[in-house]
Structures are given as structure tokens and as C-alpha cells.
Amino acid sequence: MLHGYGSTILEGAWLTLSLALTSMTLAIALGLVGAAFRLSPLRWLALLGEGYSTIIRGIPDLVLILLIFYGGQDVVNRVAPLLGYHHYIDINPFIAGVCTMGFIFGAYLSETFRGAFMAIDKGQAEAGAAYGMSGMQVFWRVLVPQMIRFAIPGFTNNWLVLTKATALISVVGLQDMMFKAKNAADATREPFTFFLAVAALYLLLTTVSLLALRLLEKRYCVGARLAEL
């Protein structure tokens, strides 16, 4: 049915999954930093976090991908000679994809995490401080564990969107399943067959992710439900 291209597309699917997981890891880190900045009592930090979130969320993902990939490569090759390196630097599409998707979705997650932190009773942080914890200890030991329960629904939505958005990285040459399906479609002149196969793989990936994250949400809500009884 896939004219021998099935294994090739599955290899691309594994690369797509690797890209999504690595990008989300970076996005989580940037999202936490962005949320911490936006909730900071220091005005300049709050403005920096707000600017990051507003600007990135206001520009289409494809535009940002092209801007960061080609613009970033141009900047690197302009700076390299100043540091004594005179060879052309070709940025790896996977690394570029991870940095781009992580940077974009870090802005979305900063909003998700900010809302989750704001949903926590302020008395929790005050109690941690009363026990002698530092600000960082209160953040990581008291606030973050409770924040996760409130953030999971928004996180789930961002993960699903990020997973589907990985298809855009094929425009910069990453040989993910979209890239390989396009090559197979051009070779066989059967685009519907291969793009339908890719759609089915994306649907499978997002469905499994949704089920797993729903189970995670139920687990984190157990303690809260017991406390309400």
C-alpha cells in the first residue's frame, strides 16, 4: 500500500516524536522561567516576561520558525569570523527545530503556569516562608508540586498543539515523517496515500498522549478530592 516507504515514514515518525519531546522539555523550562518573571515583584522582570509571552504568541509559528532558523544561522555566521572561525556554519535542522519550538511554546506555557500559580492559595507560600524556607525552596518544594495539578489541562492542550506543529519544521529540511511523506508522494505521485498515513500517525500520537495526560491529571487530583471530603 505504501510502496515500500512504510519503514521510512516510521523512521520519520520517531524523529517527530523525539523533536516534540525535546522541544517540550525546553518549553517547560522556559515556561517556568517566564511565569516566575511575570509573577516577580520586580517590575523590569515582570515586563520582560510579559514581553516574551505577548510578542511570541502574537507572531505565526511558521514565521518564527523561518525567522529563527535563517536569521539565527545568519547571525552565527556573522559572529563566528569575529571569534576567529572562518568556515561556514550550517545549523542542524533538528537542533534548530528544538530551539524554535521550545522558544515558541515556552511563551504559551508561561501563561499556563502563571495562571496555575495564581490559583494556589497565597497562604501556602506564606506557610513555607514561616518554616524558614528560602524563596527558591518555597517555589520548588511548595508551589511547583501544587501548580502541576492546575496546569495539566493547559499543558495538555499545548502538548497537542506542539506535536502537530512539528510538521512545520519540515520546511527547514528536517527529515521528519512529513518530509519523508512528501518525498514519497513526489516519487509515486500518490500524495493522498502518504499524507493520509501521516495524518493517521499524528492522530495516534495525539490520542495516546491525551489518554496518558488524562490519567496523570486524575492522579494529581486524588489528593485534592480527598481533602475536600
# chains A, B, ... in the order shown; residues from 1 in each chain; ligands from 1

$ residues_around --residues "A:Asn92" --least-positions-apart "2" --cutoff "12 Å" --atoms "only C-alpha atoms" --output "PyMOL selection string"
chain A and resi 69-70+72-73+89-90+94-99+169+172-175

$ write_last_selection --atoms "N, CA and C atoms" --output "PDB file, in the first residue's frame"
ATOM      1  N   PHE A  69      15.386  30.190  12.241  1.00  0.00           N
ATOM      2  CA  PHE A  69      16.308  29.287  11.552  1.00  0.00           C
ATOM      3  C   PHE A  69      17.264  30.051  10.629  1.00  0.00           C
ATOM      4  N   TYR A  70      16.704  30.847   9.716  1.00  0.00           N
ATOM      5  CA  TYR A  70      17.554  31.546   8.748  1.00  0.00           C
ATOM      6  C   TYR A  70      18.235  32.764   9.377  1.00  0.00           C
ATOM      7  N   GLY A  72      18.880  33.154  12.628  1.00  0.00           N
ATOM      8  CA  GLY A  72      19.861  32.661  13.588  1.00  0.00           C
ATOM      9  C   GLY A  72      21.121  32.169  12.901  1.00  0.00           C
ATOM     10  N   GLN A  73      20.953  31.492  11.766  1.00  0.00           N
ATOM     11  CA  GLN A  73      22.114  30.989  11.033  1.00  0.00           C
ATOM     12  C   GLN A  73      22.942  32.140  10.488  1.00  0.00           C
ATOM     13  N   ILE A  89      29.031  27.856   8.951  1.00  0.00           N
ATOM     14  CA  ILE A  89      28.363  27.009   9.944  1.00  0.00           C
ATOM     15  C   ILE A  89      26.944  26.720   9.486  1.00  0.00           C
ATOM     16  N   ASP A  90      26.651  25.446   9.291  1.00  0.00           N
ATOM     17  CA  ASP A  90      25.318  25.030   8.872  1.00  0.00           C
ATOM     18  C   ASP A  90      24.600  24.448  10.094  1.00  0.00           C
ATOM     19  N   PHE A  94      17.493  19.646  13.270  1.00  0.00           N
ATOM     20  CA  PHE A  94      16.866  19.131  14.489  1.00  0.00           C
ATOM     21  C   PHE A  94      17.099  20.084  15.655  1.00  0.00           C
ATOM     22  N   ILE A  95      18.349  20.544  15.803  1.00  0.00           N
ATOM     23  CA  ILE A  95      18.669  21.484  16.880  1.00  0.00           C
ATOM     24  C   ILE A  95      17.894  22.786  16.684  1.00  0.00           C
ATOM     25  N   ALA A  96      17.848  23.252  15.438  1.00  0.00           N
ATOM     26  CA  ALA A  96      17.101  24.476  15.141  1.00  0.00           C
ATOM     27  C   ALA A  96      15.622  24.295  15.453  1.00  0.00           C
ATOM     28  N   GLY A  97      15.089  23.106  15.123  1.00  0.00           N
ATOM     29  CA  GLY A  97      13.679  22.828  15.391  1.00  0.00           C
ATOM     30  C   GLY A  97      13.377  22.790  16.875  1.00  0.00           C
ATOM     31  N   VAL A  98      14.245  22.152  17.642  1.00  0.00           N
ATOM     32  CA  VAL A  98      14.057  22.068  19.101  1.00  0.00           C
ATOM     33  C   VAL A  98      14.091  23.464  19.719  1.00  0.00           C
ATOM     34  N   CYS A  99      15.092  24.243  19.344  1.00  0.00           N
ATOM     35  CA  CYS A  99      15.217  25.597  19.910  1.00  0.00           C
ATOM     36  C   CYS A  99      14.022  26.466  19.528  1.00  0.00           C
ATOM     37  N   ILE A 169       8.345  22.082  10.853  1.00  0.00           N
ATOM     38  CA  ILE A 169       9.811  22.073  10.829  1.00  0.00           C
ATOM     39  C   ILE A 169      10.345  21.437   9.544  1.00  0.00           C
ATOM     40  N   VAL A 172      12.332  23.517   6.910  1.00  0.00           N
ATOM     41  CA  VAL A 172      13.750  23.872   7.012  1.00  0.00           C
ATOM     42  C   VAL A 172      14.642  22.645   6.792  1.00  0.00           C
ATOM     43  N   GLY A 173      14.070  21.571   6.284  1.00  0.00           N
ATOM     44  CA  GLY A 173      14.864  20.416   5.877  1.00  0.00           C
ATOM     45  C   GLY A 173      14.960  19.284   6.861  1.00  0.00           C
ATOM     46  N   LEU A 174      14.236  19.338   7.987  1.00  0.00           N
ATOM     47  CA  LEU A 174      14.274  18.229   8.929  1.00  0.00           C
ATOM     48  C   LEU A 174      13.531  17.040   8.325  1.00  0.00           C
ATOM     49  N   GLN A 175      14.178  15.868   8.318  1.00  0.00           N
ATOM     50  CA  GLN A 175      13.579  14.703   7.662  1.00  0.00           C
ATOM     51  C   GLN A 175      12.640  13.952   8.614  1.00  0.00           C
TER      52      GLN A 175
END

$ select_by_dssp --residues "stretch 6-229 of chain A" --states "alpha helix (DSSP H)" --output "MDAnalysis selection string"
chainID A and resid 6:38 43:57 61:79 93:118 122:130 135:137 144:165 177:188 191:228

$ closest_residue --among "A:Val75, A:Ile91, A:Ala27, A:Ala151" --to "A:Glu217" --atoms "only C-alpha atoms"
A:Ala151

$ atom_distance --atom1 "atom CA of A:Leu168" --atom2 "atom CA of A:Ala29"
22.2 Å

$ closest_residue --among "A:Ile59, A:Leu32, A:Ala184, A:Val171" --to "A:Gly115" --atoms "only C-alpha atoms"
A:Leu32

$ closest_residue --among "A:Ser134, A:Thr54, A:Ser23, A:Asn183" --to "A:Thr8" --atoms "only C-alpha atoms"
A:Asn183

$ closest_residue --among "A:Phe117, A:Phe195, A:Trp159, A:Phe179" --to "A:Leu213" --atoms "only C-alpha atoms"
A:Trp159

$ closest_residue --among "A:Ala130, A:Ala119, A:Ile28, A:Met101" --to "A:Leu62" --atoms "only C-alpha atoms"
A:Met101

$ atom_distance --atom1 "atom CA of A:Leu26" --atom2 "atom CA of A:Thr207"
22.5 Å

$ closest_residue --among "A:His3, A:Thr166, A:Ala36, A:Glu50" --to "A:Trp140" --atoms "only C-alpha atoms"
A:Ala36

$ residues_around --residues "A:Ala125" --least-positions-apart "5" --cutoff "9 Å" --atoms "only C-alpha atoms" --output "list in words"
Ile120, Ala130, Gly135, Val138, Phe139, Val142 and Leu143 of chain A

$ decode --residues "stretch 31-46 of chain A" --atoms "all heavy atoms" --output "CSV table (one decimal), in the first residue's frame"
chain,number,residue,atom,x,y,z
A,31,GLY,N,9.0,28.1,30.1
A,31,GLY,CA,7.7,28.5,30.7
A,31,GLY,C,7.7,28.8,32.1
A,31,GLY,O,7.1,29.7,32.6
A,32,LEU,N,8.5,27.9,32.9
A,32,LEU,CA,8.6,28.2,34.3
A,32,LEU,C,9.4,29.5,34.6
A,32,LEU,O,9.0,30.3,35.5
A,32,LEU,CB,9.4,27.0,35.0
A,32,LEU,CG,8.6,25.7,35.2
A,32,LEU,CD1,9.5,24.6,35.6
A,32,LEU,CD2,7.4,25.9,36.2
A,33,VAL,N,10.4,29.7,33.8
A,33,VAL,CA,11.2,31.0,34.0
A,33,VAL,C,10.3,32.2,33.6
A,33,VAL,O,10.2,33.2,34.3
A,33,VAL,CB,12.4,31.0,33.1
A,33,VAL,CG1,13.1,32.3,33.1
A,33,VAL,CG2,13.4,29.9,33.6
A,34,GLY,N,9.6,32.0,32.5
A,34,GLY,CA,8.7,33.1,32.1
A,34,GLY,C,7.6,33.4,33.1
A,34,GLY,O,7.3,34.6,33.4
A,35,ALA,N,7.0,32.4,33.7
A,35,ALA,CA,6.0,32.5,34.7
A,35,ALA,C,6.5,33.2,35.9
A,35,ALA,O,5.9,34.1,36.5
A,35,ALA,CB,5.3,31.2,35.0
A,36,ALA,N,7.7,32.8,36.3
A,36,ALA,CA,8.4,33.3,37.5
A,36,ALA,C,8.7,34.8,37.3
A,36,ALA,O,8.5,35.7,38.2
A,36,ALA,CB,9.7,32.6,37.8
A,37,PHE,N,9.1,35.2,36.1
A,37,PHE,CA,9.4,36.6,35.7
A,37,PHE,C,8.1,37.4,35.8
A,37,PHE,O,8.0,38.5,36.4
A,37,PHE,CB,9.9,36.7,34.3
A,37,PHE,CG,11.4,36.5,34.2
A,37,PHE,CD1,12.1,35.8,35.3
A,37,PHE,CD2,12.1,36.9,33.1
A,37,PHE,CE1,13.5,35.6,35.2
A,37,PHE,CE2,13.5,36.7,33.1
A,37,PHE,CZ,14.2,36.0,34.1
A,38,ARG,N,7.0,36.9,35.3
A,38,ARG,CA,5.7,37.6,35.2
A,38,ARG,C,5.1,37.8,36.6
A,38,ARG,O,4.4,38.7,36.8
A,38,ARG,CB,4.7,36.9,34.3
A,38,ARG,CG,5.2,36.8,32.8
A,38,ARG,CD,4.2,36.2,31.9
A,38,ARG,NE,3.0,37.1,31.8
A,38,ARG,CZ,1.9,36.7,31.1
A,38,ARG,NH1,1.9,35.5,30.5
A,38,ARG,NH2,0.9,37.6,31.0
A,39,LEU,N,5.4,36.9,37.5
A,39,LEU,CA,4.9,37.0,38.9
A,39,LEU,C,5.9,37.7,39.8
A,39,LEU,O,5.6,37.8,41.0
A,39,LEU,CB,4.6,35.6,39.4
A,39,LEU,CG,3.4,34.8,38.7
A,39,LEU,CD1,3.4,33.4,39.2
A,39,LEU,CD2,2.1,35.5,38.9
A,40,SER,N,7.0,38.1,39.3
A,40,SER,CA,8.1,38.7,40.1
A,40,SER,C,7.6,40.1,40.6
A,40,SER,O,7.0,40.9,39.8
A,40,SER,CB,9.4,38.9,39.3
A,40,SER,OG,10.3,39.6,40.0
A,41,PRO,N,7.9,40.5,41.8
A,41,PRO,CA,7.6,41.8,42.3
A,41,PRO,C,8.5,42.9,41.6
A,41,PRO,O,8.2,44.1,41.7
A,41,PRO,CB,7.9,41.7,43.8
A,41,PRO,CG,8.9,40.6,43.9
A,41,PRO,CD,8.6,39.6,42.9
A,42,LEU,N,9.6,42.4,41.0
A,42,LEU,CA,10.5,43.4,40.3
A,42,LEU,C,9.8,43.7,39.0
A,42,LEU,O,9.6,42.9,38.1
A,42,LEU,CB,11.9,42.8,40.0
A,42,LEU,CG,12.7,42.4,41.3
A,42,LEU,CD1,14.0,41.7,40.9
A,42,LEU,CD2,12.9,43.6,42.2
A,43,ARG,N,9.6,45.0,38.8
A,43,ARG,CA,8.8,45.4,37.6
A,43,ARG,C,9.5,45.1,36.3
A,43,ARG,O,8.9,44.7,35.3
A,43,ARG,CB,8.5,47.0,37.7
A,43,ARG,CG,7.7,47.5,36.5
A,43,ARG,CD,7.3,48.9,36.7
A,43,ARG,NE,6.5,49.4,35.6
A,43,ARG,CZ,5.3,49.1,35.3
A,43,ARG,NH1,4.6,48.3,36.1
A,43,ARG,NH2,4.7,49.7,34.2
A,44,TRP,N,10.8,45.3,36.2
A,44,TRP,CA,11.6,45.0,35.0
A,44,TRP,C,11.5,43.5,34.6
A,44,TRP,O,11.4,43.2,33.4
A,44,TRP,CB,13.0,45.5,35.0
A,44,TRP,CG,13.9,44.8,36.0
A,44,TRP,CD1,14.1,45.0,37.3
A,44,TRP,CD2,14.7,43.7,35.6
A,44,TRP,NE1,15.0,44.1,37.8
A,44,TRP,CE2,15.4,43.3,36.8
A,44,TRP,CE3,15.0,43.0,34.5
A,44,TRP,CZ2,16.3,42.3,36.9
A,44,TRP,CZ3,15.9,42.0,34.5
A,44,TRP,CH2,16.6,41.6,35.7
A,45,LEU,N,11.5,42.7,35.6
A,45,LEU,CA,11.4,41.2,35.3
A,45,LEU,C,10.0,40.9,34.8
A,45,LEU,O,9.8,40.1,33.9
A,45,LEU,CB,11.7,40.4,36.5
A,45,LEU,CG,13.2,40.1,36.8
A,45,LEU,CD1,13.3,39.3,38.1
A,45,LEU,CD2,13.9,39.4,35.7
A,46,ALA,N,9.0,41.5,35.5
A,46,ALA,CA,7.6,41.3,35.1
A,46,ALA,C,7.4,41.7,33.6
A,46,ALA,O,6.7,41.1,32.8
A,46,ALA,CB,6.7,42.0,36.0
